[in-house]
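Chemist: To start, I am sharing the structure in question, which I have written as C-alpha cells.
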Amino acid sequence: MGKQKQGSNYVEEITKMEQDFSQWYTDVVLKAELADYGMVKGCMAIKPYGFQIWEQIRAGLNERLMATGHQNVYLPILIPESLLNKEKEHVEGFAPEVAWVTIGGEKELEERLCIRPTSETLFSTMFAKWVNSWRDLPLLYNQWGNVVRWEKSTRPFLRTAEFLWQEGHTVHATAEESAAETQKILNLYSDYAEKVLAIPVIKGRKTEQEKFAGAVNTYTIEAMMHDGQALQAGTSHNFGQNFSIPFEIKYQNKAGKMEYCWQTSWGVTTRLIGGIIMVHGDNRGLVLPPRVAPVQVILVPIAGHKTGVLKKCQEVLQELRNLYRVIIDDRDNYSPGWKFNQWEMKGVPLRLEIGPRDIIHEQVVLVRRDTGEKEVVKIEQLKEQIGSKLADIQNSLFQKALEKREKRTYRAEQLKDFKKIIAKETGFIKGMLCGNKECEEKMKEITRTTVRCIPFEQEKLSERCICCGGAAGEMAIFARAY
C-alpha cells in the first residue's frame with residue numbers, strides 16, 4: 001500500500017450532519033469501521049472496533065448486574081410455536097416480527113420453531129421447573145445473547161433484524177419485590193447511560209399503548225439524539241403474574257401454601273452504540289466518551305524513522321498502559337496526518353504526538369478529540385494530565401448533550417401550540433394527557449409523534465388534556481423516535 005498523504009480527503013467522505021443526518025450516521029458507521037451490511041437485508045456484520053465498544057458496554061453493565069446479585073445464564077435460541085402461544089398478549093405483540101424455522105436438515109418439522117425475538121416464554125418454562133419453594137426465591141438471572149425480529153425498516157445498530165443484547169429475567173415471592181426490582185434496574189440503566197455513556201436520559205413509565213406486550217408496567221429511559229429525535233435506550237418491565245399463571249410458576253410459601261410467583265424482565269441492546277454515535281458525533285466522525293472508548297489514548301510517532309522516536313513512544317506506552325487503554329500507531333505506510341484523521345474518525349478521546357523535538361524537550365503534544373485543543377505536556381506530568389483530561393472530556397460530553405436536550409425541549413398547553421412547534425422544530429414536547437388511548441392515538445396520527453414516556457418528574461402544565469381538552473391526568477413527553 002502506498003504512503004497516504006496528510007492532505008487526504010478522509011473526512012470529506014462523510015456527509016455533513018446538517019446536510020443529511022441519516023446519511024451522516026451511515027457514513028460514520030461504515031467509515032469508523034464499526035459495522036458493515038450483512039448478506040441478509042437488515043442484518044449487520046459488527047467489525048472489531050464496533051464490537052470492542054459493545055464489549056466495553058457489556059463488561060460495565062455485567063459488573064453492575066453481578067454486584068446486585070444477578071447471575072448469567074444462557075437459554076436456547078429456538079422456541080416451539082406452542083410455547084410461544086401460551087401468553088396471548090405476548091405472542092400477538094411479537095407476531096409481525098417473528099422468523100420461523102420449518103425445516104430441520106431435509107425434513108419438515110412437525111411444529112414450527114420461532115427464532116427468539118425475546119425469551120419470556122423460555123425463561124417462564126424453565127422457572128416453572130426450577131422454582132418449588134420460598135427457599136428458591138428470588139431467582140435473579142441475566143442472559144447475554146442475540147435475538148431476531150423481522151423489522152421492516154432497518155438501520156445499523158438502531159434497528160436491525162438481528163441484534164445483541166442482555167435480557168434479565170427475575171422471579172419473586174411478592175408483588176412488592178418485583179416492583180422494586182424493575183425500579184432498581186431502571187435506575188442502574190439510567191446511572192450507566194449518564195455516567196459511562198455520557199447520555200442524559202429521562203426516566204418514566206410507558207403508556208398502555210406503548211408498553212411491552214405482556215407487561216403490567218413498562219419503564220423506560222429516553223434519550224434525545226443530535227437531530228432532536230428520541231431513542232429508547234433501555235426498558236424494565238414488571239410482568240406481575242401475567243406469565244406465572246399460564247406457565248404455572250408456583251412456590252410453596254412458609255405456611256406450606258402454594259402461591260404464584262411475580263416476574264420482571266429488562267434489557268438494553270447494541271442500539272446503545274447508535275445512541276453514542278448520534279448524541280456525541282460530529283462532522284469528523286465519532287466522539288467517544290472516555291469511559292466506554294476501547295482506545296482512550298492513541299500515540300502517534302512523528303518522523304518515526306528518525307533515531308529514538310519509536311523507542312521513546314514505546315517507553316511512554318509502557319508507562320501508561322496499566323492506567324489507560326492506550327495503543328501506538330507505528331504503521332510506516334501512513335502519514336501522521338492520515339493517522340490523525342483516522343483516529344479522529346474513530347472518536348479516540350486523546351491523541352499524543354511525539355517527535356524528535358519533543359524528545360529533546362521531554363514533552364508530548366496532547367490533543368483532545370472533543371474540542372480539538374492542543375497542549376504541550378511534560379512527560380513527567382503526563383499520567384496526571386491524561387487522567388484529568390479524560391475526566392474533563394467525560395463530563396463535558398454529558399453537559400453538552402444535556403444542554404442540547406434542554407434547548408430542544410418545548411412545552412405545549414394546547415394542540416394548536418403543539419402543531420406550531422412540531423412544524424418548525426424536532427425535539428421533546430411536554431404536554432398534558434387525560435389518559436384515554438383515543439387521545440394518544442389521535443396525537444400520533446395528527447403530529448406523527450409518540451408518547452415516549454410519562455416522566456417520573458411531573459410538571460403541571462395546565463388543567464386540560466392537550467388533545468381533547470378534558471381533565472388532564474399526567475404530563476407526557478412526546479417526540480418522533482428511532
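The way I read the labels, and the way they are meant: chains A, B, ... in the order of the C-alpha cells, residue 1 as the first residue of every chain, and ligand 1 as the first ligand shown, with later ones counted on from there.
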Mind checking which residues fall within 7 Å of segment 262-275 of chain A, counting only C-alpha atoms, ignoring those fewer than 2 positions away in the same chain, and posting them as JSON, numbers by chain?
Modeler: {"A": [54, 157, 158, 163, 164, 165, 166, 167, 168, 169, 170, 171, 172, 173, 174, 175, 178, 182, 225, 233, 234, 235, 236, 237, 238, 239, 240, 241, 244, 260, 277, 278, 279]}
Chemist: Keeping only N, CA and C atoms, write the selected residues as an mmCIF file, in the first residue's frame.
Modeler:
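Generated file (result-v9.cif):
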data_model
loop_
_atom_site.group_PDB
_atom_site.id
_atom_site.type_symbol
_atom_site.label_atom_id
_atom_site.label_comp_id
_atom_site.auth_asym_id
_atom_site.auth_seq_id
_atom_site.Cartn_x
_atom_site.Cartn_y
_atom_site.Cartn_z
ATOM 1 N N TRP A 54 -19.027 -2.559 22.119
ATOM 2 C CA TRP A 54 -20.047 -3.395 22.756
ATOM 3 C C TRP A 54 -19.452 -4.168 23.931
ATOM 4 N N PHE A 157 -27.227 -0.853 13.992
ATOM 5 C CA PHE A 157 -27.260 -0.635 15.435
ATOM 6 C C PHE A 157 -28.611 -0.158 15.943
ATOM 7 N N LEU A 158 -29.271 0.761 15.257
ATOM 8 C CA LEU A 158 -30.520 1.321 15.764
ATOM 9 C C LEU A 158 -31.681 0.350 15.661
ATOM 10 N N PHE A 163 -29.906 -8.549 16.531
ATOM 11 C CA PHE A 163 -29.083 -7.647 17.333
ATOM 12 C C PHE A 163 -28.649 -8.353 18.609
ATOM 13 N N LEU A 164 -27.637 -7.775 19.250
ATOM 14 C CA LEU A 164 -27.117 -8.300 20.512
ATOM 15 C C LEU A 164 -27.736 -7.528 21.670
ATOM 16 N N TRP A 165 -27.901 -8.231 22.785
ATOM 17 C CA TRP A 165 -28.478 -7.569 23.942
ATOM 18 C C TRP A 165 -28.201 -8.344 25.208
ATOM 19 N N GLN A 166 -28.623 -7.758 26.317
ATOM 20 C CA GLN A 166 -28.766 -8.512 27.553
ATOM 21 C C GLN A 166 -30.227 -8.451 27.933
ATOM 22 N N GLU A 167 -30.727 -9.561 28.425
ATOM 23 C CA GLU A 167 -32.111 -9.587 28.902
ATOM 24 C C GLU A 167 -32.129 -10.241 30.275
ATOM 25 N N GLY A 168 -32.615 -9.493 31.249
ATOM 26 C CA GLY A 168 -32.737 -10.013 32.592
ATOM 27 C C GLY A 168 -34.116 -10.585 32.820
ATOM 28 N N HIS A 169 -34.186 -11.659 33.582
ATOM 29 C CA HIS A 169 -35.464 -12.284 33.934
ATOM 30 C C HIS A 169 -35.395 -12.696 35.390
ATOM 31 N N THR A 170 -36.327 -12.206 36.185
ATOM 32 C CA THR A 170 -36.306 -12.499 37.613
ATOM 33 C C THR A 170 -37.657 -12.998 38.101
ATOM 34 N N VAL A 171 -37.609 -13.787 39.181
ATOM 35 C CA VAL A 171 -38.821 -14.343 39.800
ATOM 36 C C VAL A 171 -38.801 -13.998 41.277
ATOM 37 N N HIS A 172 -39.957 -13.566 41.789
ATOM 38 C CA HIS A 172 -40.038 -13.095 43.173
ATOM 39 C C HIS A 172 -41.252 -13.687 43.887
ATOM 40 N N ALA A 173 -41.198 -13.606 45.210
ATOM 41 C CA ALA A 173 -42.293 -14.148 46.019
ATOM 42 C C ALA A 173 -43.458 -13.182 46.143
ATOM 43 N N THR A 174 -43.174 -11.869 46.006
ATOM 44 C CA THR A 174 -44.232 -10.882 46.229
ATOM 45 C C THR A 174 -44.260 -9.822 45.131
ATOM 46 N N ALA A 175 -45.408 -9.148 45.051
ATOM 47 C CA ALA A 175 -45.563 -8.057 44.093
ATOM 48 C C ALA A 175 -44.627 -6.911 44.429
ATOM 49 N N SER A 178 -41.042 -7.616 43.092
ATOM 50 C CA SER A 178 -40.901 -7.466 41.638
ATOM 51 C C SER A 178 -40.973 -5.993 41.239
ATOM 52 N N THR A 182 -37.861 -3.854 39.223
ATOM 53 C CA THR A 182 -37.968 -3.081 37.978
ATOM 54 C C THR A 182 -37.404 -1.681 38.161
ATOM 55 N N MET A 225 -31.398 12.438 20.582
ATOM 56 C CA MET A 225 -30.271 12.403 19.666
ATOM 57 C C MET A 225 -29.954 13.821 19.166
ATOM 58 N N ALA A 233 -33.538 3.942 25.174
ATOM 59 C CA ALA A 233 -32.201 3.427 25.469
ATOM 60 C C ALA A 233 -32.205 2.215 26.383
ATOM 61 N N GLY A 234 -33.321 1.910 27.010
ATOM 62 C CA GLY A 234 -33.400 0.748 27.886
ATOM 63 C C GLY A 234 -34.788 0.657 28.486
ATOM 64 N N THR A 235 -35.238 -0.561 28.771
ATOM 65 C CA THR A 235 -36.567 -0.747 29.356
ATOM 66 C C THR A 235 -36.521 -1.776 30.480
ATOM 67 N N SER A 236 -37.433 -1.613 31.432
ATOM 68 C CA SER A 236 -37.580 -2.531 32.554
ATOM 69 C C SER A 236 -39.067 -2.816 32.728
ATOM 70 N N HIS A 237 -39.428 -4.092 32.705
ATOM 71 C CA HIS A 237 -40.843 -4.487 32.693
ATOM 72 C C HIS A 237 -41.231 -5.224 33.971
ATOM 73 N N ASN A 238 -42.359 -4.833 34.525
ATOM 74 C CA ASN A 238 -42.968 -5.577 35.630
ATOM 75 C C ASN A 238 -44.088 -6.430 35.040
ATOM 76 N N PHE A 239 -43.917 -7.759 35.091
ATOM 77 C CA PHE A 239 -44.901 -8.659 34.487
ATOM 78 C C PHE A 239 -46.022 -9.041 35.444
ATOM 79 N N GLY A 240 -45.872 -8.707 36.723
ATOM 80 C CA GLY A 240 -46.872 -9.171 37.672
ATOM 81 C C GLY A 240 -46.936 -10.691 37.623
ATOM 82 N N GLN A 241 -48.147 -11.230 37.411
ATOM 83 C CA GLN A 241 -48.328 -12.686 37.294
ATOM 84 C C GLN A 241 -48.825 -13.079 35.906
ATOM 85 N N SER A 244 -46.557 -16.027 35.075
ATOM 86 C CA SER A 244 -46.501 -17.101 36.070
ATOM 87 C C SER A 244 -47.783 -17.928 36.113
ATOM 88 N N TYR A 260 -48.627 -18.230 43.303
ATOM 89 C CA TYR A 260 -48.000 -17.870 42.037
ATOM 90 C C TYR A 260 -46.900 -16.830 42.272
ATOM 91 N N ILE A 277 -23.202 7.299 18.948
ATOM 92 C CA ILE A 277 -22.862 7.970 17.686
ATOM 93 C C ILE A 277 -23.685 9.233 17.521
ATOM 94 N N MET A 278 -24.995 9.126 17.710
ATOM 95 C CA MET A 278 -25.901 10.226 17.379
ATOM 96 C C MET A 278 -25.972 11.315 18.452
ATOM 97 N N VAL A 279 -25.535 11.016 19.655
ATOM 98 C CA VAL A 279 -25.516 12.050 20.692
ATOM 99 C C VAL A 279 -24.217 12.843 20.638
#
Chemist: Which residues are near Gln458 of chain A? Cut-off 9 Å, only C-alpha atoms, ignore same chain within fewer than 5 positions. Put them as a list in words.
Modeler: Glu474, Met475 and Ala476 of chain A
Chemist: Hey, which of A:Leu140, A:Leu75, A:Ala230, A:Ala95 ends up closest to Met126 of chain A? Count only C-alpha atoms.
Modeler: A:Leu75
Chemist: Using the chain letters and numbers from this document, which residues of segment 260-386 of chain A does DSSP assign to strand (DSSP E or B), as a VMD selection string?
Modeler: chain A and resid 260 262 to 269 282 285 297 to 301 326 to 328 334 350 to 354 363 to 368 374 to 378
Chemist: Which one of A:Arg64, A:Arg408, A:Lys203, A:Lys442 sits closest to Leu188 of chain A if you count only C-alpha atoms?
Modeler: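 With only C-alpha atoms as the atom set, the closest residue is A:Arg64.
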Chemist: Calculated over only C-alpha atoms, which of the candidates A:Tyr410, A:Trp338, A:Lys195, A:Ser396 has the smallest distance to Lys424 of chain A?
Modeler: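 Of A:Tyr410, A:Trp338, A:Lys195, A:Ser396, the one nearest Lys424 of chain A, counting only C-alpha atoms, is A:Tyr410.
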Chemist: In Å to one decimal, how far is atom CA of Val196 of chain A from atom CA of Thr220 of chain A?
Modeler: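 Between atom CA of Thr220 of chain A and atom CA of Val196 of chain A the gap works out to 17.8 Å.
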Chemist: Considering only C-alpha atoms, return as an NGL selection string whatever protein or nucleic-acid residues lie within 12 Å of segment 15-28 of chain A, sequence-local ones (same chain, fewer than 2 positions apart) excluded.
Modeler: :A and (10-13 or 30-37 or 50 or 154-158 or 225-229 or 273-287 or 342 or 344-347 or 482)
Chemist: Neighbouring residues of Thr207 of chain A were defined as those with any atom within 9 Å, considering only C-alpha atoms; residues of the same chain fewer than 5 positions away were excluded. Please report them as an NGL selection string.
Modeler: :A and (217-218 or 435 or 437 or 440 or 451-454)
Chemist: Report, in Å to a single decimal, how far apart atom CA of Pro294 of chain A and atom CA of Tyr49 of chain A are.
Modeler: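 Separating atom CA of Tyr49 of chain A from atom CA of Pro294 of chain A is a distance of 7.7 Å.
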Chemist: Pick out the residues sitting within 12 Å of Lys311 of chain A, and hand them over as a ChimeraX atom specification; count only C-alpha atoms, and ignore anything fewer than 2 positions along from it in its own chain.
Modeler: /A:301,304-309,313-318,328,330,354-356,359
Chemist: Tell me, as an MDAnalysis selection string, which residues lie within 12 Å of Lys389 of chain A, counting only C-alpha atoms; anything in the same chain fewer than 2 positions away does not count.
Modeler: chainID A and resid 289:290 296:297 349:351 366:371 373:375 377 382:387 391:396
Chemist: Report, in Å with one decimal, the straight-line distance from atom CA of Leu78 of chain A to atom CA of Ile115 of chain A.
Modeler: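 Between atom CA of Leu78 of chain A and atom CA of Ile115 of chain A the gap is 4.9 Å.
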